[in-house]
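Asks: Take a look at this one; I'll ask things after.
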Amino acid sequence: MIEKLKKLAKEYLVSGKVEVIFGLREKDNHLAPHIFTKVEELDSLVVSPQYPLFYTCRPSKKNIIRLIEEKYPDIKIGVIVKGCEERALIELAKRNQIEMKNIEILGVACSREEAVECKCPRPYPNHPLLGEKVEGVFEDKNIEGLLNKGWSERLAFWQSQLSKCIKCYGCRNACPLCFCQDCAMEQELWSKIGEIPPEIPMFHFIRFYHLADRCIECGECEKACPMDIPLLTISKQVRKDVKELFNYESGLDVKQESPLLTTLDEMPMKEGANE
Amino acid sequence: MKEFEPKIIGFCCNWCTYAGADLAGVSRLQMPPDFRMIRVMCSGTIDPLFVMEAFQKGADGIFIGGCHIGDCHYQTGNHRTKKRVAILKKILSYLGIDPRRVRLEWVSAAEGQKFAEVVTDFVAEIKRLGPNPLKRKFEA
Ligand code: SF4
Ligand code: SF4
Ligand code: FES
C-alpha cells in the first residue's frame, strides 16, 4: 500500500495539485514529519500508526500545521493523514487553531490490526484514497471491569493508577487538542506545583473534563504516559457519553459545533441525564 | 458515635436561587444547618473544576442552583450549566465518586418553599451516602 501512496503523492506533486507534501519520512531508521518538496524524496515516505503527524508545538502551543500555514501562507500543501489525524485536523479547524485553506487531504485507512493496536474506534478518514474502511474497536477491558464495580472499588482503582503519575505532562503535550495558552494543569490554584503525585483526581480530571467534547480518541495521551496509566479508558467513555447525550462526535465535521459551546436550543441534550 | 454532619457547598445564582434561599430564610422555613452557600452571578459561571476542587477540599456534596431554563439573566448561561453538569457527573462516576453528590436544581426567586425542600432532601441524601471518599486521605 505504501508504494501506491508514494505513487499517488508523486502524482499530486507532478500535476501541481499541491506544491509540497507533508508526511512522515524514514531516514537512517528514524521516522519524523517532513515537508517533501521533490518527487525523488517521496521514496522515503512512510505511514505509521505509531507516529502521529500533528502535535502541538511548544512553547508556541500551535499545531505544527498552523506553523506551516504561517510560514508558507500561499503554498498548497498536501497532507497525508490517517483517520485520527484527519479528526484532529477537523477539530482544530473547528476551533480556529488551523485554517485548512491551502490544505489538501490525502487520507489513508488503517488495517484492522492497527486499529486493535491503537484501540481506535474509527480507523479511517472520511474519504480514504487508499485502504478499506475496516471496523473500529469499541470495547475496553478496563472500563468493562470498572462499570461492573461499585464506587469505592472504582475510586480505589483510579487512586492506585493515578498515584503512579510523575507529572511529566506527557499526556497533555502529546494531545493534538490540548492547545490552551494557559493550561489549568499548570496552575497552582488547581494543582500544587512541585507535588508528586499531583492531587488525585483533580490533576487528571482537568484533562478529562476539558477534552470531553474535543477528544478524537487518537490514544496519544495513553501512549505517551511513561507510567502506563489507562487514560484512554475514561476519555473513550466520556466520548461515548457525549455521543449519547448530544448525538455529537468530535472530529467528523468542521461545521458541527461543540455541544458545550452551544445552547440547548441549538443542540439539545437527551433528557434525564442530570439525575 | 457522633452523627455524620456533612459539609455541603451550594453554588447559587444571584438572581434566582440565592434570592429563593433568602425568601426561605425570611419565611422562617426549617433548613438544615449543614449548607454553606456561595453566591455566583449565574449558574453558567460554575466551572466543573470548582466542583472538583470542593470535593478535593473535603465537601461531601455540592449543590448547584440556577434560574429555570428560559429565565437566565444572561439568556443561556444555565443551558451550559445543564450540559456541563451532565458531563461532570459522568466523569465523577467513572472516577468512583457517586454522582448523586452533585445536585443541580432550578429554583426561582419566588420558590422559597422549593428551595427549602430540595436542600433538605439533598442534605438527607448526602447523609445516606456518607462522607466524601476523597476525604479519607486527610483523616487517615
Ligand atoms: S485520545 Fe488523548 S491525546 Fe488523543 S485527543 Fe483524546 S485526550 Fe487528546
Ligand atoms: S503522561 Fe502519565 S505520568 Fe505523565 S503527567 Fe500524564 S498521567 Fe502523569
Ligand atoms: S442568571 Fe441565574 S442561571 Fe444564569
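Just remember, in the C-alpha cells the first chain shown is A, the second B, etc., residues are 1-based per chain, and ligands are 1-based in the order shown.
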Can you pull out every residue within 10 Å of Phe11 of chain B, counting only C-alpha atoms, but drop anything in the same chain fewer than 3 positions away, and send it as a list of chain:residue names?

Replies: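 Contacts, with the query itself left out: B:Ile8, B:Asn14, B:Thr17, B:Tyr18, B:Arg36, B:Met37, B:Ile38, B:Arg39, B:Val40, B:Met41, B:Cys42, B:Ser43, B:Thr45, B:Ile46, B:Phe50, B:Val51, B:Ile62, B:Phe63, B:Ile64, B:Gly65, B:Gly66, B:Leu104.
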
Asks: Compile the contact shell of segment 18-25 of chain A as a list in words: residues with an atom at most 7 Å away, counting only C-alpha atoms, same-chain residues fewer than 5 positions apart removed.

Replies: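 My reading of the contact set: Tyr12, Leu13, Leu31, Ala32, Pro33, His34, Ile35, Phe36, Thr37, Ser44, Leu45, Val46, Val47, Leu53, Ile75, Lys76, Ile77, Gly78, Val79 and Ile80 of chain A.
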
Asks: Set the cut-off to 9 Å, count only C-alpha atoms and all ligand atoms, and list whatever residues fall near ligand 1 as a ChimeraX atom specification.

Replies: /A:84,88,171-178,207-208,210-212,214-224,231-232,235-236,239

Asks: Compute the chain B side of the contact with chain A at 10 Å, counting only C-alpha atoms, and hand it back as a ChimeraX atom specification.

Replies: /B:48-50,52-53,55-56,69,75-100,102-105,133-134

Asks: What does the distance between atom CA of Trp15 of chain B and atom CA of Lys57 of chain B come to in Å, to one decimal place?

Replies: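 Distance between the two atoms: 27.2 Å.
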
Asks: What residues of the protein or nucleic acid chains come within 6 Å of ligand 2 when you use only C-alpha atoms and all ligand atoms? Reply as a VMD selection string.

Replies: chain A and resid 165 to 171 224 to 227 229

Asks: Can you list, as a list of chain:residue names, every residue of segment 26-248 of chain A that DSSP puts in strand (DSSP E or B)?

Replies: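 Matching residues, listed in order: A:Glu26, A:Lys27, A:His30, A:Leu31, A:Ala32, A:Pro33, A:His34, A:Ile35, A:Phe36, A:Leu45, A:Val46, A:Thr56, A:Cys57, A:Lys62, A:Asn63, A:Ile77, A:Gly78, A:Val79, A:Ile80, A:Val81, A:Ile103, A:Glu104, A:Ile105, A:Leu106, A:Gly107, A:Val108, A:Leu130.
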
Asks: My list of candidates is B:Asn132, B:Arg28, B:Val119, B:Cys16. Which is closest to ligand 3 when distances are computed with only C-alpha atoms and all ligand atoms?

Replies: B:Cys16
